[in-house]
>>> print(open('target.txt').read())   # compact mmCIF, C-alpha atoms and all ligand atoms
# COMPACT_ATOMS: atom_id res chain seq x y z
CA MET A 513 -63.56 -25.34 -6.98
CA ASP A 514 -61.01 -23.44 -9.08
CA PHE A 515 -59.23 -25.72 -11.56
CA LYS A 516 -57.09 -23.00 -13.15
CA PRO A 517 -53.35 -23.33 -12.65
CA LEU A 518 -52.31 -21.33 -9.60
CA VAL A 519 -49.05 -20.28 -11.21
CA ARG A 520 -48.23 -20.28 -14.89
CA PHE A 521 -45.00 -19.14 -16.52
CA GLN A 522 -45.08 -18.86 -20.31
CA ASP A 523 -41.76 -18.17 -22.04
CA VAL A 524 -40.62 -16.04 -19.14
CA HIS A 525 -37.19 -14.38 -19.16
CA LEU A 526 -35.76 -12.36 -16.29
CA ARG A 527 -32.80 -9.97 -16.47
CA TYR A 528 -31.61 -7.52 -13.86
CA GLY A 529 -30.81 -4.17 -15.54
CA ASN A 530 -28.70 -4.72 -18.63
CA GLY A 531 -27.30 -8.01 -17.37
CA PRO A 532 -27.71 -11.43 -18.99
CA ASP A 533 -30.79 -13.62 -18.62
CA VAL A 534 -30.92 -14.94 -15.06
CA LEU A 535 -33.99 -16.98 -16.00
CA HIS A 536 -34.34 -18.14 -19.55
CA GLN A 537 -37.46 -19.31 -21.38
CA VAL A 538 -39.26 -20.55 -18.29
CA ASN A 539 -42.40 -22.57 -18.91
CA LEU A 540 -43.95 -24.10 -15.85
CA THR A 541 -47.35 -24.64 -14.34
CA LEU A 542 -48.26 -25.24 -10.72
CA GLU A 543 -51.65 -26.76 -10.11
CA PRO A 544 -53.61 -25.89 -6.96
CA GLY A 545 -52.63 -28.24 -4.13
CA SER A 546 -49.28 -29.27 -5.64
CA PHE A 547 -45.97 -29.46 -3.74
CA HIS A 548 -42.71 -28.85 -5.60
CA PHE A 549 -39.08 -28.60 -4.65
CA MET A 550 -36.72 -26.32 -6.54
CA VAL A 551 -33.04 -27.21 -6.49
CA GLY A 552 -29.94 -25.82 -8.18
CA PRO A 553 -26.54 -24.47 -7.26
CA SER A 554 -26.00 -21.13 -5.57
CA GLY A 555 -26.70 -18.30 -8.01
CA ALA A 556 -28.79 -20.53 -10.30
CA GLY A 557 -31.87 -18.30 -9.95
CA LYS A 558 -34.02 -20.04 -7.30
CA SER A 559 -34.67 -16.87 -5.29
CA SER A 560 -35.32 -14.93 -8.49
CA LEU A 561 -37.99 -17.43 -9.52
CA LEU A 562 -39.64 -17.20 -6.09
CA ARG A 563 -39.48 -13.38 -6.20
CA LEU A 564 -41.37 -13.44 -9.51
CA MET A 565 -44.06 -15.57 -7.86
CA TYR A 566 -44.18 -13.16 -4.93
CA LEU A 567 -44.60 -10.23 -7.33
CA ALA A 568 -41.41 -8.58 -6.10
CA HIS A 569 -40.23 -8.53 -9.73
CA ARG A 570 -42.03 -8.71 -13.05
CA PRO A 571 -40.82 -10.84 -15.97
CA THR A 572 -38.57 -8.97 -18.42
CA THR A 573 -40.44 -10.74 -21.21
CA GLY A 574 -43.04 -13.50 -21.33
CA ARG A 575 -46.21 -13.97 -19.36
CA LEU A 576 -46.73 -14.90 -15.72
CA SER A 577 -50.18 -15.63 -14.30
CA LEU A 578 -50.96 -16.05 -10.63
CA PHE A 579 -54.36 -17.22 -9.40
CA GLY A 580 -55.52 -16.91 -13.00
CA ARG A 581 -54.45 -13.25 -13.31
CA ASP A 582 -51.82 -11.94 -15.71
CA VAL A 583 -49.42 -10.14 -13.35
CA SER A 584 -48.61 -7.44 -15.90
CA GLN A 585 -52.24 -6.24 -15.60
CA LEU A 586 -52.30 -5.85 -11.81
CA ASP A 587 -52.42 -2.44 -10.18
CA ARG A 588 -50.90 -1.77 -6.76
CA LYS A 589 -54.08 -2.65 -4.84
CA GLU A 590 -54.61 -5.90 -6.73
CA THR A 591 -50.95 -6.80 -6.21
CA SER A 592 -51.28 -6.41 -2.45
CA MET A 593 -54.56 -8.39 -2.43
CA LEU A 594 -52.86 -11.27 -4.27
CA ARG A 595 -49.86 -11.11 -1.95
CA ARG A 596 -52.14 -11.70 1.03
CA ARG A 597 -52.81 -15.16 -0.39
CA ILE A 598 -49.10 -15.91 -0.50
CA GLY A 599 -46.87 -16.86 2.43
CA ILE A 600 -43.16 -16.33 1.89
CA ILE A 601 -40.14 -17.41 3.87
CA PHE A 602 -37.17 -15.26 2.88
CA GLN A 603 -33.62 -16.55 3.08
CA ASP A 604 -32.75 -13.64 5.38
CA PHE A 605 -35.93 -14.04 7.49
CA ARG A 606 -36.93 -10.31 7.49
CA LEU A 607 -38.35 -10.38 11.00
CA LEU A 608 -39.15 -7.13 12.79
CA ASP A 609 -36.49 -6.79 15.48
CA HIS A 610 -38.53 -4.53 17.76
CA LEU A 611 -41.38 -7.05 18.02
CA THR A 612 -41.38 -10.31 19.98
CA ALA A 613 -41.51 -13.69 18.26
CA LEU A 614 -45.19 -13.91 19.12
CA GLU A 615 -45.92 -10.42 17.74
CA ASN A 616 -44.01 -11.14 14.52
CA VAL A 617 -45.99 -14.30 13.86
CA ALA A 618 -49.27 -12.63 14.89
CA LEU A 619 -48.98 -9.87 12.27
CA PRO A 620 -50.70 -11.69 9.37
CA LEU A 621 -53.61 -12.62 11.69
CA THR A 622 -54.08 -9.25 13.37
CA ILE A 623 -54.59 -7.55 10.00
CA THR A 624 -57.50 -9.94 9.35
CA GLY A 625 -59.28 -8.57 12.44
CA MET A 626 -59.16 -11.87 14.38
CA PRO A 627 -59.83 -11.34 18.13
CA LEU A 628 -56.54 -10.88 19.99
CA GLU A 629 -57.16 -13.73 22.43
CA LYS A 630 -57.62 -16.16 19.54
CA VAL A 631 -54.56 -14.77 17.75
CA ARG A 632 -52.46 -15.32 20.88
CA ARG A 633 -53.72 -18.86 21.31
CA ASN A 634 -53.11 -19.85 17.66
CA VAL A 635 -49.67 -18.27 17.53
CA SER A 636 -48.55 -19.76 20.86
CA GLU A 637 -49.65 -23.19 19.69
CA LEU A 638 -47.73 -22.93 16.41
CA LEU A 639 -44.59 -21.52 18.03
CA SER A 640 -44.69 -24.33 20.59
CA TRP A 641 -45.04 -26.84 17.78
CA VAL A 642 -41.89 -25.52 16.11
CA GLY A 643 -40.04 -25.80 19.44
CA LEU A 644 -40.17 -22.17 20.53
CA ALA A 645 -42.55 -22.39 23.51
CA ASP A 646 -39.92 -20.74 25.72
CA ASN A 647 -39.24 -17.92 23.28
CA LEU A 648 -42.67 -16.38 22.71
CA ASP A 649 -41.59 -13.06 24.20
CA SER A 650 -38.05 -13.04 22.80
CA LYS A 651 -37.07 -10.45 20.21
CA PRO A 652 -35.31 -11.72 17.07
CA PRO A 653 -31.84 -10.30 17.88
CA THR A 654 -31.75 -12.48 21.00
CA LEU A 655 -32.59 -15.66 19.05
CA SER A 656 -30.21 -17.97 17.19
CA GLY A 657 -30.30 -18.17 13.38
CA GLY A 658 -32.22 -21.44 13.51
CA GLN A 659 -34.74 -20.02 15.99
CA GLN A 660 -35.26 -16.91 13.84
CA GLN A 661 -35.79 -19.16 10.84
CA ARG A 662 -38.53 -21.04 12.69
CA VAL A 663 -40.24 -17.75 13.64
CA ALA A 664 -40.13 -16.75 9.95
CA ILE A 665 -41.64 -20.09 8.96
CA ALA A 666 -44.39 -19.76 11.57
CA ARG A 667 -45.17 -16.23 10.33
CA ALA A 668 -45.47 -17.47 6.74
CA VAL A 669 -47.81 -20.36 7.52
CA ILE A 670 -49.99 -18.97 10.33
CA GLY A 671 -52.55 -17.48 7.93
CA ARG A 672 -52.83 -20.73 5.92
CA PRO A 673 -51.84 -19.10 2.62
CA SER A 674 -53.05 -20.49 -0.71
CA LEU A 675 -49.46 -20.47 -1.95
CA LEU A 676 -46.39 -20.92 0.25
CA LEU A 677 -42.98 -19.98 -1.16
CA ALA A 678 -40.01 -21.01 0.94
CA ASP A 679 -36.48 -19.90 0.09
CA GLU A 680 -33.98 -22.23 1.79
CA PRO A 681 -36.31 -22.60 4.78
CA THR A 682 -34.11 -25.18 6.48
CA GLY A 683 -30.69 -23.70 5.80
CA ASN A 684 -29.88 -22.96 9.44
CA LEU A 685 -31.55 -25.98 10.96
CA ASP A 686 -30.24 -29.37 11.90
CA ASP A 687 -31.56 -32.28 9.90
CA LYS A 688 -34.14 -33.43 12.43
CA ILE A 689 -35.79 -30.02 12.80
CA ALA A 690 -35.55 -29.47 9.03
CA GLU A 691 -37.43 -32.69 8.40
CA ARG A 692 -40.05 -31.80 11.03
CA LEU A 693 -40.66 -28.46 9.33
CA LEU A 694 -41.06 -30.12 5.98
CA PHE A 695 -43.66 -32.37 7.60
CA LEU A 696 -45.43 -29.19 8.70
CA PHE A 697 -45.43 -28.04 5.06
CA GLU A 698 -46.87 -31.42 4.07
CA GLU A 699 -49.68 -30.97 6.60
CA LEU A 700 -50.47 -27.56 5.13
CA ASN A 701 -50.32 -29.05 1.67
CA LYS A 702 -52.86 -31.71 2.63
CA ARG A 703 -55.17 -28.88 3.68
CA GLY A 704 -54.87 -27.26 0.27
CA THR A 705 -51.84 -24.95 0.34
CA THR A 706 -49.74 -25.09 -2.84
CA ILE A 707 -46.07 -25.26 -1.87
CA VAL A 708 -42.74 -24.43 -3.49
CA VAL A 709 -39.57 -25.03 -1.50
CA ALA A 710 -36.18 -23.90 -2.84
CA SER A 711 -33.31 -25.81 -1.30
CA HIS A 712 -29.65 -26.66 -1.75
CA ASN A 713 -30.13 -29.75 0.36
CA GLU A 714 -30.82 -32.45 -2.22
CA ALA A 715 -30.40 -35.23 0.37
CA LEU A 716 -33.27 -33.76 2.40
CA VAL A 717 -35.36 -33.15 -0.73
CA ASN A 718 -34.87 -36.79 -1.76
CA ARG A 719 -36.53 -37.99 1.43
CA PHE A 720 -39.84 -36.50 0.30
CA ASN A 721 -42.14 -37.76 -2.37
CA HIS A 722 -42.67 -34.56 -4.37
CA PRO A 723 -41.67 -33.45 -7.85
CA VAL A 724 -38.42 -31.55 -8.21
CA PHE A 725 -37.50 -28.71 -10.55
CA LYS A 726 -33.86 -27.96 -11.15
CA ILE A 727 -32.55 -24.64 -12.42
CA ILE A 728 -29.59 -25.12 -14.72
CA ASN A 729 -28.10 -22.20 -16.66
CA GLY A 730 -31.26 -20.18 -16.03
CA GLU A 731 -33.51 -22.91 -17.42
CA VAL A 732 -36.05 -24.64 -15.21
CA ARG A 733 -36.44 -28.37 -15.81
CA LEU A 734 -38.60 -30.93 -14.10
CA ILE A 735 -35.97 -33.50 -13.12
CA ARG A 736 -38.17 -35.79 -11.09
CA SER A 737 -41.90 -36.18 -11.11
CA ALA A 738 -42.46 -38.93 -8.55
CA PRO A 739 -39.38 -40.03 -6.66
CA VAL A 740 -39.33 -43.28 -4.79
CA ILE A 741 -39.00 -42.64 -1.07
CA GLU A 742 -35.68 -44.02 0.16
CA GLN A 743 -35.99 -46.87 2.63
CA ASN A 744 -34.14 -46.61 5.93
CA THR A 745 -30.79 -48.29 5.47
CA GLU A 746 -28.12 -49.14 8.03
CA SER A 747 -25.68 -46.75 6.38
CA GLY A 748 -26.03 -43.88 3.95
CA ALA A 749 -23.68 -45.67 1.57
CA ALA A 750 -26.00 -48.63 1.03
N1 LIG B 1 -31.38 -7.71 -7.43
C1 LIG B 1 -30.44 -8.24 -8.24
N2 LIG B 1 -29.75 -7.44 -9.08
C2 LIG B 1 -28.82 -7.95 -9.92
N3 LIG B 1 -28.50 -9.26 -9.97
C3 LIG B 1 -29.15 -10.10 -9.15
C4 LIG B 1 -30.15 -9.63 -8.24
N4 LIG B 1 -30.64 -10.69 -7.55
C5 LIG B 1 -29.96 -11.78 -8.01
N5 LIG B 1 -29.08 -11.42 -8.96
C6 LIG B 1 -28.22 -12.33 -9.73
O1 LIG B 1 -29.05 -13.31 -10.33
C7 LIG B 1 -28.45 -14.60 -10.29
C8 LIG B 1 -29.39 -15.56 -9.58
O2 LIG B 1 -29.49 -15.19 -8.20
P1 LIG B 1 -30.52 -15.87 -7.21
O3 LIG B 1 -30.36 -15.20 -5.87
O4 LIG B 1 -31.86 -15.89 -7.82
O5 LIG B 1 -29.93 -17.36 -7.16
P2 LIG B 1 -30.17 -18.54 -6.10
O6 LIG B 1 -30.25 -19.80 -6.88
O7 LIG B 1 -31.33 -18.22 -5.23
O8 LIG B 1 -28.84 -18.51 -5.25
P3 LIG B 1 -28.63 -18.88 -3.68
O9 LIG B 1 -28.92 -20.33 -3.57
O10 LIG B 1 -27.18 -18.54 -3.45
O11 LIG B 1 -29.57 -18.01 -2.93
C9 LIG B 1 -27.12 -14.43 -9.59
O12 LIG B 1 -26.12 -14.30 -10.58
C10 LIG B 1 -27.27 -13.14 -8.83
O13 LIG B 1 -26.02 -12.49 -8.68
>>> encode(input="target.txt", output="structure tokens")
Amino acid sequence: MDFKPLVRFQDVHLRYGNGPDVLHQVNLTLEPGSFHFMVGPSGAGKSSLLRLMYLAHRPTTGRLSLFGRDVSQLDRKETSMLRRRIGIIFQDFRLLDHLTALENVALPLTITGMPLEKVRRNVSELLSWVGLADNLDSKPPTLSGGQQQRVAIARAVIGRPSLLLADEPTGNLDDKIAERLLFLFEELNKRGTTIVVASHNEALVNRFNHPVFKIINGEVRLIRSAPVIEQNTESGAA
């Protein structure tokens, strides 16, 4: 088994162009099999942090290692190999509009060479689980925002990635479905996927027993390592 940290930021700063530091002196380590939430106000830098972990940007200064590799040393081929181990749910979904829901979710499996019948079975099962059994053949433009979000989530998790990065994955969903999807992430986590979920929704985050990072003024702080799960109370004001 690999005991190296899966993700390691050492004194990382990120600036866009000549702008100010968006992320400032970030030091954080994610162990394999961990589950973290990332909270912070709009514009705090949550998506930027996830984009660094997805190799969409490189640190301006400092060192970032993924799967034990220093990302500044990766060539294009190595970058795409590492990315195959990462599932990402973008805030704006990024589904392919000319493909059906089923075809969108099937993409990460078809490139592995899995037989098509098996791909169809696995994808149908997952889409049914997320409540889209009646939408397998629908194209994204005909789906609601919440339905598109669930297709994007299914696409990110279908290949059982080693690392799952989710940027506001429940933003368009009602609370019940949001909670159900976080349970799906917990299932994946139990099977070994390391998970990072960025969310505005601190009430939802507080219902789960996972450590929480908060981004404040570009600095990432661990604000809670092991929250106590809230008990069901008659009213939220209890
Ligand atoms: N490609 C970019 N070029 C220039 N500035 C950017 C770029 N992407 C983000 N920013 C800026 O970086 C800061 C952090 O943005 P980021 O999207 O990471 O925040 P966020 O916490 O994810 O916000 P939200 O919750 O609204 O998505 C913001 O000031 C934003 O305007």
>>> residues_near_ligand(input="target.txt", ligand="ligand LIG 1 (chain B)", cutoff="6 Å", atoms="all atoms listed in the file", output="VMD selection string")
chain A and resid 528 534 553 to 560
>>> write_last_selection(input="target.txt", atoms="C-alpha atoms", output="PDB file, in the coordinates of the input")
ATOM      1  CA  TYR A 528     -31.610  -7.520 -13.860  1.00  0.00           C
ATOM      2  CA  VAL A 534     -30.920 -14.940 -15.060  1.00  0.00           C
ATOM      3  CA  PRO A 553     -26.540 -24.470  -7.260  1.00  0.00           C
ATOM      4  CA  SER A 554     -26.000 -21.130  -5.570  1.00  0.00           C
ATOM      5  CA  GLY A 555     -26.700 -18.300  -8.010  1.00  0.00           C
ATOM      6  CA  ALA A 556     -28.790 -20.530 -10.300  1.00  0.00           C
ATOM      7  CA  GLY A 557     -31.870 -18.300  -9.950  1.00  0.00           C
ATOM      8  CA  LYS A 558     -34.020 -20.040  -7.300  1.00  0.00           C
ATOM      9  CA  SER A 559     -34.670 -16.870  -5.290  1.00  0.00           C
ATOM     10  CA  SER A 560     -35.320 -14.930  -8.490  1.00  0.00           C
TER      11      SER A 560
END
>>> residues_around(input="target.txt", residues="range 609-612 of chain A", least_positions_apart="6", cutoff="8 Å", atoms="all atoms listed in the file", output="PyMOL selection string")
chain A and resi 648-653
>>> closest_atom_pairs(input="target.txt", of="range 528-624 of chain A", to="range 654-669 of chain A", cutoff="9 Å", atoms="all atoms listed in the file", output="CSV")
residue,atom,partner,partner_atom,distance
A:Ile598,CA,A:Ala668,CA,8.2
A:Gly599,CA,A:Ala668,CA,4.6
A:Ile600,CA,A:Ala668,CA,5.5
A:Ile601,CA,A:Ile665,CA,5.9
A:Phe602,CA,A:Ala664,CA,7.8
A:Gln603,CA,A:Gln661,CA,8.5
A:Asp604,CA,A:Gln661,CA,8.3
A:Phe605,CA,A:Ala664,CA,5.6
A:Arg606,CA,A:Ala664,CA,7.6
A:Leu607,CA,A:Ala664,CA,6.7
A:Ala613,CA,A:Val663,CA,6.3
A:Leu614,CA,A:Val663,CA,8.3
A:Asn616,CA,A:Arg667,CA,6.7
A:Val617,CA,A:Arg667,CA,4.1
A:Ala618,CA,A:Arg667,CA,7.1
A:Leu619,CA,A:Arg667,CA,7.7
A:Pro620,CA,A:Arg667,CA,7.2
>>> residues_around(input="target.txt", residues="range 687-699 of chain A", least_positions_apart="6", cutoff="9 Å", atoms="all atoms listed in the file", output="VMD selection string")
chain A and resid 547 642 to 643 662 665 669 676 681 705 707 716 719 to 720
>>> atom_distance(input="target.txt", atom1="CA of Asp533 in chain A", atom2="CA of Phe725 in chain A")
18.4 Å
>>> closest_residue(input="target.txt", among="A:Arg672, A:Arg733, A:His712, A:Lys516", to="Arg581 in chain A", atoms="all atoms listed in the file")
A:Lys516
>>> atom_distance(input="target.txt", atom1="CA of Leu540 in chain A", atom2="CA of Arg588 in chain A")
25.1 Å
>>> residues_around(input="target.txt", residues="Val708 in chain A", least_positions_apart="5", cutoff="10 Å", atoms="all atoms listed in the file", output="NGL selection string")
:A and (542 or 546-550 or 562 or 565 or 600 or 675-679 or 697 or 724-725)
>>> write_last_selection(input="target.txt", atoms="C-alpha atoms", output="mmCIF file, in the coordinates of the input")
data_model
loop_
_atom_site.group_PDB
_atom_site.id
_atom_site.type_symbol
_atom_site.label_atom_id
_atom_site.label_comp_id
_atom_site.auth_asym_id
_atom_site.auth_seq_id
_atom_site.Cartn_x
_atom_site.Cartn_y
_atom_site.Cartn_z
ATOM 1 C CA LEU A 542 -48.260 -25.240 -10.720
ATOM 2 C CA SER A 546 -49.280 -29.270 -5.640
ATOM 3 C CA PHE A 547 -45.970 -29.460 -3.740
ATOM 4 C CA HIS A 548 -42.710 -28.850 -5.600
ATOM 5 C CA PHE A 549 -39.080 -28.600 -4.650
ATOM 6 C CA MET A 550 -36.720 -26.320 -6.540
ATOM 7 C CA LEU A 562 -39.640 -17.200 -6.090
ATOM 8 C CA MET A 565 -44.060 -15.570 -7.860
ATOM 9 C CA ILE A 600 -43.160 -16.330 1.890
ATOM 10 C CA LEU A 675 -49.460 -20.470 -1.950
ATOM 11 C CA LEU A 676 -46.390 -20.920 0.250
ATOM 12 C CA LEU A 677 -42.980 -19.980 -1.160
ATOM 13 C CA ALA A 678 -40.010 -21.010 0.940
ATOM 14 C CA ASP A 679 -36.480 -19.900 0.090
ATOM 15 C CA PHE A 697 -45.430 -28.040 5.060
ATOM 16 C CA VAL A 724 -38.420 -31.550 -8.210
ATOM 17 C CA PHE A 725 -37.500 -28.710 -10.550
#
